[in-house]
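Trainee: One structure, pasted below without further comment.
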Amino acid sequence: MSNSTTTSMEVEVSSEQKQAETRRILLEGTIKFLQRGIAAAETHYVYRALRSAFALRKRLQPDVIAEIVAAYSSSANSKSVQSCLKSVLEYLQQSPAENTAAGVCEPEVCLFLGLLAMLYLLDNSHLERGVELSNALISVIPTAQRRTLDPISSRVFFYFSRFFEVADRLSDARPALLSALQAATLAGMKETKAMLLTLLLRNYLHYKLYDQAERLTAKSSFPVDAPNNLLARYLYYMGYIEAIQLNYSQAQTHLLEATRKAPSNAATAGFQQTVHKIYVIVELLMGNIPERSLFRVPTLKKPLLPYLELAQAVRVGDLNKFQEVVSKYQDRFLKDSVLILIQRLRHNVIKAGIRSISTAYSRISLRDICLKLHLDSEEDAEYIVAKAIRDGVIDATIDHEKGFVQSADVHNVYETSDPQYAFDKRITFCLGMYNDSVKSMRYPGSDHRKELASAIEAIKRERELAQELENDDYDGDSDEDAMDEDL
């Protein structure tokens, strides 16, 4: 019995050691790939190393990370890198044996190892240690602002903000993010700047500081060639801010672009749901009714169910049904941070009801309008109808003496400028998409021009040689006679 137990324990230990060795080999291979990108100054190697790291996220172990950190803890490193590596070991609570053959650690490798440690601490809910480690990591970024550092530093700042958000201390991260935004702008680190802008907007919106968020977007420019995931997030925040600021047309444009920029897969389903919730409300605030096909998308069908009922109440113009839907899903709307926008829809419900009444009746009394819209008095109905006429919602006149509303004849829509506006909107979108596709294309360098020039010169020489042969005055028969004489 004892021999069999000992054998099973040995097998178990060997399997754990084998898994740890496999993880260490994978991490070392990823770091070598990262070093290859640093040596060639090519960011696509860095992106590949980051993708490999996130694929290993569930299999990270602190002892394996500490062993790799010890392999790069050399006295030849800069002070900031040495301090960063010591912080990684300290907050992972690991003390590996010293490596006498430790190599020099580049800032990119240092941040990469720190990023792995941050992922481990976040997944295991060690929030306080993660906050301290992230503070140590961002101190390394200003010392080496290079092109290959940009993708890694953007991820470091993302998890820096994430630690503070999960720890419910998001406001404490704002000063560091603002100073980092200024440094990234001056250093030309475009991806880091784009990440910091989205993080600051999220920070402001978390505390409902809409004016400060609007001033930040007005005084800063989002990088043109930023990754699509950051651009989609930035457009969503911009759309939400514009909706709060009553700029519904701009909000609709930003939210629509955000849905198109974001990838359509299972990983981004939550983002698509969040954006479409705001988009549906903005459409309703603009007086439009979203298409029914939007609510039938499998990933959106269940989350948008309250918003479907809301859209149906607005479309019919039933004020009582609208208030029932709001009271029924009030907690859901508060959680989605859209209740402040939904409360503005009351006037749109009344306008929709007036529009449907004006279409159905050529002449109707103010009392009947009051009963159909469930208003308090005929004076309220008269005021609301007058405002709808002034805003262009309906084309009608009010007879104040007799107390009725006379609707005008329905005109042909093609006699108006509405089709022109619709075509102009579509053409503008297509031109914008074409310009974005041209900007996102990668063009080859100028090395091929030298080869092209040499090829053109070779063709010219061949043509000159052929022309000389054609102009040469020789006779083929005389050559044959000379050959016969020699024979």
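Residue numbers start at 1 in each chain; chains themselves are named A, B, ... in the order of the structure tokens; ligands are numbered from 1 in the order shown.
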Could you pull the residues within 9 Å of Leu119 in chain A, counting only C-alpha atoms, minus those fewer than 2 positions along the same chain, as a ChimeraX atom specification?
Mentor: /A:54,57,60,114-117,121-124,130,159
Trainee: Take the residues that were just selected and, keeping C-alpha atoms, output them as an mmCIF file, in the first residue's frame.
Mentor:
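What follows is the written file part-v2.cif:
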```cif
data_model
loop_
_atom_site.group_PDB
_atom_site.id
_atom_site.type_symbol
_atom_site.label_atom_id
_atom_site.label_comp_id
_atom_site.auth_asym_id
_atom_site.auth_seq_id
_atom_site.Cartn_x
_atom_site.Cartn_y
_atom_site.Cartn_z
ATOM 1 C CA PHE A 54 -3.502 36.805 -23.281
ATOM 2 C CA ARG A 57 -3.747 34.150 -19.147
ATOM 3 C CA LEU A 60 -0.305 31.901 -15.470
ATOM 4 C CA GLY A 114 4.699 43.304 -15.232
ATOM 5 C CA LEU A 115 1.598 42.990 -17.413
ATOM 6 C CA LEU A 116 1.562 39.226 -16.851
ATOM 7 C CA ALA A 117 1.797 39.816 -13.109
ATOM 8 C CA LEU A 121 -3.323 39.589 -9.570
ATOM 9 C CA LEU A 122 -6.533 40.778 -11.247
ATOM 10 C CA ASP A 123 -7.809 37.272 -11.930
ATOM 11 C CA ASN A 124 -7.133 36.277 -8.321
ATOM 12 C CA GLY A 130 -2.392 45.162 -8.192
ATOM 13 C CA TYR A 159 -5.267 47.439 -16.401
#
```
Trainee: Mind checking which residues fall within 10 Å of Asp368 in chain A, counting only C-alpha atoms, ignoring those fewer than 3 positions away in the same chain, and posting them as a PDB file with N, CA and C atoms, in the first residue's frame?
Mentor:
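Output (selection21.pdb):
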```pdb
ATOM      1  N   ILE A 357     -52.751  61.199 -34.774  1.00  0.00           N
ATOM      2  CA  ILE A 357     -54.100  61.784 -34.789  1.00  0.00           C
ATOM      3  C   ILE A 357     -54.263  62.689 -36.001  1.00  0.00           C
ATOM      4  N   ILE A 364     -60.418  67.447 -35.831  1.00  0.00           N
ATOM      5  CA  ILE A 364     -60.702  66.828 -34.538  1.00  0.00           C
ATOM      6  C   ILE A 364     -60.705  67.909 -33.468  1.00  0.00           C
ATOM      7  N   SER A 365     -61.566  67.745 -32.468  1.00  0.00           N
ATOM      8  CA  SER A 365     -61.682  68.741 -31.404  1.00  0.00           C
ATOM      9  C   SER A 365     -60.554  68.583 -30.398  1.00  0.00           C
ATOM     10  N   LEU A 371     -58.620  63.527 -24.536  1.00  0.00           N
ATOM     11  CA  LEU A 371     -59.017  62.195 -24.085  1.00  0.00           C
ATOM     12  C   LEU A 371     -58.108  61.109 -24.654  1.00  0.00           C
ATOM     13  N   LYS A 372     -57.731  61.251 -25.937  1.00  0.00           N
ATOM     14  CA  LYS A 372     -56.907  60.224 -26.566  1.00  0.00           C
ATOM     15  C   LYS A 372     -55.494  60.191 -25.996  1.00  0.00           C
ATOM     16  N   LEU A 373     -54.932  61.368 -25.656  1.00  0.00           N
ATOM     17  CA  LEU A 373     -53.567  61.442 -25.141  1.00  0.00           C
ATOM     18  C   LEU A 373     -53.519  61.415 -23.617  1.00  0.00           C
ATOM     19  N   HIS A 374     -54.676  61.331 -22.965  1.00  0.00           N
ATOM     20  CA  HIS A 374     -54.745  61.261 -21.497  1.00  0.00           C
ATOM     21  C   HIS A 374     -54.098  62.507 -20.862  1.00  0.00           C
ATOM     22  N   GLU A 378     -58.041  70.727 -21.712  1.00  0.00           N
ATOM     23  CA  GLU A 378     -58.010  71.139 -23.113  1.00  0.00           C
ATOM     24  C   GLU A 378     -56.952  72.216 -23.345  1.00  0.00           C
ATOM     25  N   ALA A 381     -53.777  70.481 -24.076  1.00  0.00           N
ATOM     26  CA  ALA A 381     -53.821  69.932 -25.427  1.00  0.00           C
ATOM     27  C   ALA A 381     -53.597  71.026 -26.467  1.00  0.00           C
ATOM     28  N   PHE A 404     -61.136  73.312 -32.325  1.00  0.00           N
ATOM     29  CA  PHE A 404     -60.776  72.116 -33.077  1.00  0.00           C
ATOM     30  C   PHE A 404     -59.484  72.365 -33.851  1.00  0.00           C
TER      31      PHE A 404
END
```
Trainee: Work out how far apart CA of Phe163 in chain A and CA of Val131 in chain A are and give it in Å to one decimal.
Mentor: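 These two atoms are separated by 5.9 Å.
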Trainee: Set the distance at 10 Å and use only C-alpha atoms: which residues neighbour Ala360 in chain A once local chain neighbours fewer than 5 positions away are removed? I'd like the list as a list of chain:residue names.
Mentor: A:Ile354, A:Arg355, A:Ser407
Trainee: Would you export the selected residues with N, CA and C atoms as a short mmCIF file (atom, residue, chain, number, x, y, z; two decimals), in the first residue's frame, please?
Mentor:
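The result, written out as selection_23.cif:
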```
data_model
loop_
_atom_site.label_atom_id
_atom_site.label_comp_id
_atom_site.auth_asym_id
_atom_site.auth_seq_id
_atom_site.Cartn_x
_atom_site.Cartn_y
_atom_site.Cartn_z
N ILE A 354 -49.85 62.96 -31.40
CA ILE A 354 -50.44 64.06 -32.19
C ILE A 354 -50.25 63.80 -33.68
N ARG A 355 -49.07 63.26 -34.07
CA ARG A 355 -48.83 62.98 -35.48
C ARG A 355 -49.79 61.92 -36.00
N SER A 407 -56.34 69.67 -40.01
CA SER A 407 -55.11 69.18 -40.63
C SER A 407 -55.05 69.60 -42.09
#
```
Trainee: If you run DSSP on this backbone, which residues of range 201-439 of chain A come out as helix (DSSP H, G or I), and could you give them as number ranges by chain?
Mentor: A: 201-206, 210-219, 228-244, 248-261, 266-285, 292-296, 298-301, 305-316, 319-328, 330-335, 339-342, 345-360, 366-373, 378-390, 413-415, 418-439
Trainee: Counting only C-alpha atoms, what is within 12 Å of Lys193 in chain A, bar same-chain residues fewer than 6 positions away, as a PDB file with N, CA and C atoms, in the first residue's frame?
Mentor:
```
ATOM      1  N   ASP A 150       4.775  51.354 -27.334  1.00  0.00           N
ATOM      2  CA  ASP A 150       3.427  51.919 -27.397  1.00  0.00           C
ATOM      3  C   ASP A 150       2.327  50.876 -27.157  1.00  0.00           C
ATOM      4  N   PRO A 151       2.312  49.721 -27.867  1.00  0.00           N
ATOM      5  CA  PRO A 151       1.221  48.756 -27.629  1.00  0.00           C
ATOM      6  C   PRO A 151       1.200  48.212 -26.203  1.00  0.00           C
ATOM      7  N   SER A 153       2.445  49.678 -23.389  1.00  0.00           N
ATOM      8  CA  SER A 153       2.082  50.709 -22.414  1.00  0.00           C
ATOM      9  C   SER A 153       0.586  50.987 -22.421  1.00  0.00           C
ATOM     10  N   SER A 154      -0.055  50.886 -23.600  1.00  0.00           N
ATOM     11  CA  SER A 154      -1.511  51.092 -23.641  1.00  0.00           C
ATOM     12  C   SER A 154      -2.235  50.027 -22.836  1.00  0.00           C
ATOM     13  N   ARG A 155      -1.768  48.771 -22.913  1.00  0.00           N
ATOM     14  CA  ARG A 155      -2.381  47.700 -22.108  1.00  0.00           C
ATOM     15  C   ARG A 155      -2.114  47.903 -20.622  1.00  0.00           C
ATOM     16  N   PHE A 157      -1.757  50.759 -19.038  1.00  0.00           N
ATOM     17  CA  PHE A 157      -2.656  51.803 -18.547  1.00  0.00           C
ATOM     18  C   PHE A 157      -4.093  51.305 -18.446  1.00  0.00           C
ATOM     19  N   PHE A 158      -4.488  50.415 -19.355  1.00  0.00           N
ATOM     20  CA  PHE A 158      -5.848  49.871 -19.277  1.00  0.00           C
ATOM     21  C   PHE A 158      -6.057  49.108 -17.971  1.00  0.00           C
ATOM     22  N   LEU A 177      -3.636  59.511 -15.091  1.00  0.00           N
ATOM     23  CA  LEU A 177      -4.056  59.377 -16.485  1.00  0.00           C
ATOM     24  C   LEU A 177      -3.915  60.693 -17.239  1.00  0.00           C
ATOM     25  N   LEU A 178      -4.230  61.810 -16.597  1.00  0.00           N
ATOM     26  CA  LEU A 178      -4.115  63.111 -17.255  1.00  0.00           C
ATOM     27  C   LEU A 178      -2.653  63.455 -17.558  1.00  0.00           C
ATOM     28  N   SER A 179      -1.761  63.219 -16.602  1.00  0.00           N
ATOM     29  CA  SER A 179      -0.342  63.496 -16.847  1.00  0.00           C
ATOM     30  C   SER A 179       0.221  62.552 -17.902  1.00  0.00           C
ATOM     31  N   ALA A 180      -0.225  61.296 -17.897  1.00  0.00           N
ATOM     32  CA  ALA A 180       0.235  60.348 -18.913  1.00  0.00           C
ATOM     33  C   ALA A 180      -0.278  60.724 -20.302  1.00  0.00           C
ATOM     34  N   LEU A 181      -1.482  61.284 -20.382  1.00  0.00           N
ATOM     35  CA  LEU A 181      -2.013  61.729 -21.671  1.00  0.00           C
ATOM     36  C   LEU A 181      -1.161  62.850 -22.252  1.00  0.00           C
ATOM     37  N   GLN A 182      -0.752  63.785 -21.421  1.00  0.00           N
ATOM     38  CA  GLN A 182       0.105  64.863 -21.887  1.00  0.00           C
ATOM     39  C   GLN A 182       1.447  64.322 -22.384  1.00  0.00           C
ATOM     40  N   ALA A 183       2.048  63.387 -21.637  1.00  0.00           N
ATOM     41  CA  ALA A 183       3.333  62.814 -22.038  1.00  0.00           C
ATOM     42  C   ALA A 183       3.205  62.002 -23.320  1.00  0.00           C
ATOM     43  N   ALA A 184       2.141  61.230 -23.454  1.00  0.00           N
ATOM     44  CA  ALA A 184       1.949  60.424 -24.665  1.00  0.00           C
ATOM     45  C   ALA A 184       1.709  61.296 -25.884  1.00  0.00           C
ATOM     46  N   THR A 185       1.016  62.408 -25.713  1.00  0.00           N
ATOM     47  CA  THR A 185       0.779  63.321 -26.830  1.00  0.00           C
ATOM     48  C   THR A 185       2.089  63.943 -27.305  1.00  0.00           C
ATOM     49  N   LEU A 186       2.934  64.362 -26.366  1.00  0.00           N
ATOM     50  CA  LEU A 186       4.213  64.968 -26.737  1.00  0.00           C
ATOM     51  C   LEU A 186       5.160  63.938 -27.352  1.00  0.00           C
ATOM     52  N   ALA A 187       5.107  62.696 -26.904  1.00  0.00           N
ATOM     53  CA  ALA A 187       6.001  61.656 -27.415  1.00  0.00           C
ATOM     54  C   ALA A 187       5.501  61.014 -28.703  1.00  0.00           C
ATOM     55  N   LEU A 199     -10.032  55.946 -21.512  1.00  0.00           N
ATOM     56  CA  LEU A 199     -10.061  55.703 -20.067  1.00  0.00           C
ATOM     57  C   LEU A 199     -10.519  56.946 -19.305  1.00  0.00           C
ATOM     58  N   LEU A 200     -10.078  58.116 -19.739  1.00  0.00           N
ATOM     59  CA  LEU A 200     -10.497  59.351 -19.069  1.00  0.00           C
ATOM     60  C   LEU A 200     -11.982  59.618 -19.297  1.00  0.00           C
ATOM     61  N   SER A 220      -8.836  67.946 -27.228  1.00  0.00           N
ATOM     62  CA  SER A 220      -7.926  66.882 -27.633  1.00  0.00           C
ATOM     63  C   SER A 220      -8.444  66.247 -28.915  1.00  0.00           C
ATOM     64  N   SER A 221      -7.541  65.654 -29.663  1.00  0.00           N
ATOM     65  CA  SER A 221      -7.896  64.997 -30.919  1.00  0.00           C
ATOM     66  C   SER A 221      -7.559  63.513 -30.814  1.00  0.00           C
ATOM     67  N   PHE A 222      -8.479  62.693 -31.266  1.00  0.00           N
ATOM     68  CA  PHE A 222      -8.261  61.254 -31.241  1.00  0.00           C
ATOM     69  C   PHE A 222      -7.365  60.864 -32.403  1.00  0.00           C
ATOM     70  N   PRO A 223      -6.355  60.011 -32.183  1.00  0.00           N
ATOM     71  CA  PRO A 223      -5.445  59.618 -33.283  1.00  0.00           C
ATOM     72  C   PRO A 223      -6.201  58.954 -34.428  1.00  0.00           C
ATOM     73  N   VAL A 224      -5.826  59.336 -35.645  1.00  0.00           N
ATOM     74  CA  VAL A 224      -6.545  58.851 -36.824  1.00  0.00           C
ATOM     75  C   VAL A 224      -6.323  57.358 -37.031  1.00  0.00           C
ATOM     76  N   ASP A 225      -5.073  56.899 -36.852  1.00  0.00           N
ATOM     77  CA  ASP A 225      -4.738  55.502 -37.130  1.00  0.00           C
ATOM     78  C   ASP A 225      -4.744  54.642 -35.872  1.00  0.00           C
ATOM     79  N   ALA A 226      -5.609  54.943 -34.927  1.00  0.00           N
ATOM     80  CA  ALA A 226      -5.739  54.134 -33.710  1.00  0.00           C
ATOM     81  C   ALA A 226      -6.455  52.819 -34.042  1.00  0.00           C
ATOM     82  N   PRO A 227      -6.249  51.776 -33.245  1.00  0.00           N
ATOM     83  CA  PRO A 227      -6.943  50.496 -33.496  1.00  0.00           C
ATOM     84  C   PRO A 227      -8.458  50.649 -33.435  1.00  0.00           C
ATOM     85  N   LEU A 230     -10.318  50.619 -29.948  1.00  0.00           N
ATOM     86  CA  LEU A 230     -10.279  51.884 -29.212  1.00  0.00           C
ATOM     87  C   LEU A 230     -11.157  52.930 -29.875  1.00  0.00           C
ATOM     88  N   LEU A 231     -11.166  52.955 -31.203  1.00  0.00           N
ATOM     89  CA  LEU A 231     -12.012  53.918 -31.912  1.00  0.00           C
ATOM     90  C   LEU A 231     -13.490  53.655 -31.634  1.00  0.00           C
ATOM     91  N   TYR A 234     -14.242  54.921 -28.153  1.00  0.00           N
ATOM     92  CA  TYR A 234     -14.248  56.386 -28.143  1.00  0.00           C
ATOM     93  C   TYR A 234     -15.526  56.933 -28.778  1.00  0.00           C
TER      94      TYR A 234
END
```
Trainee: Can you work out which one of A:Lys190, A:Lys58, A:Lys79, A:Lys277 has the shortest atom-to-atom distance to Ser337 in chain A, counting only C-alpha atoms?
Mentor: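 Residue with the minimum atom-to-atom distance to Ser337 in chain A: A:Lys277.
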Trainee: Can you tell me, as a PyMOL selection string, what residues are no more than 9 Å from Glu257 in chain A when counting only C-alpha atoms, ignoring any on the same chain fewer than 5 positions away?
Mentor: chain A and resi 232+235-236+252+262
Trainee: Can you pull out every residue within 9 Å of range 211-216 of chain A, counting only C-alpha atoms, but drop anything in the same chain fewer than 4 positions away, and send it as a ChimeraX atom specification?
Mentor: /A:197,200-205,220,238,241-242,245
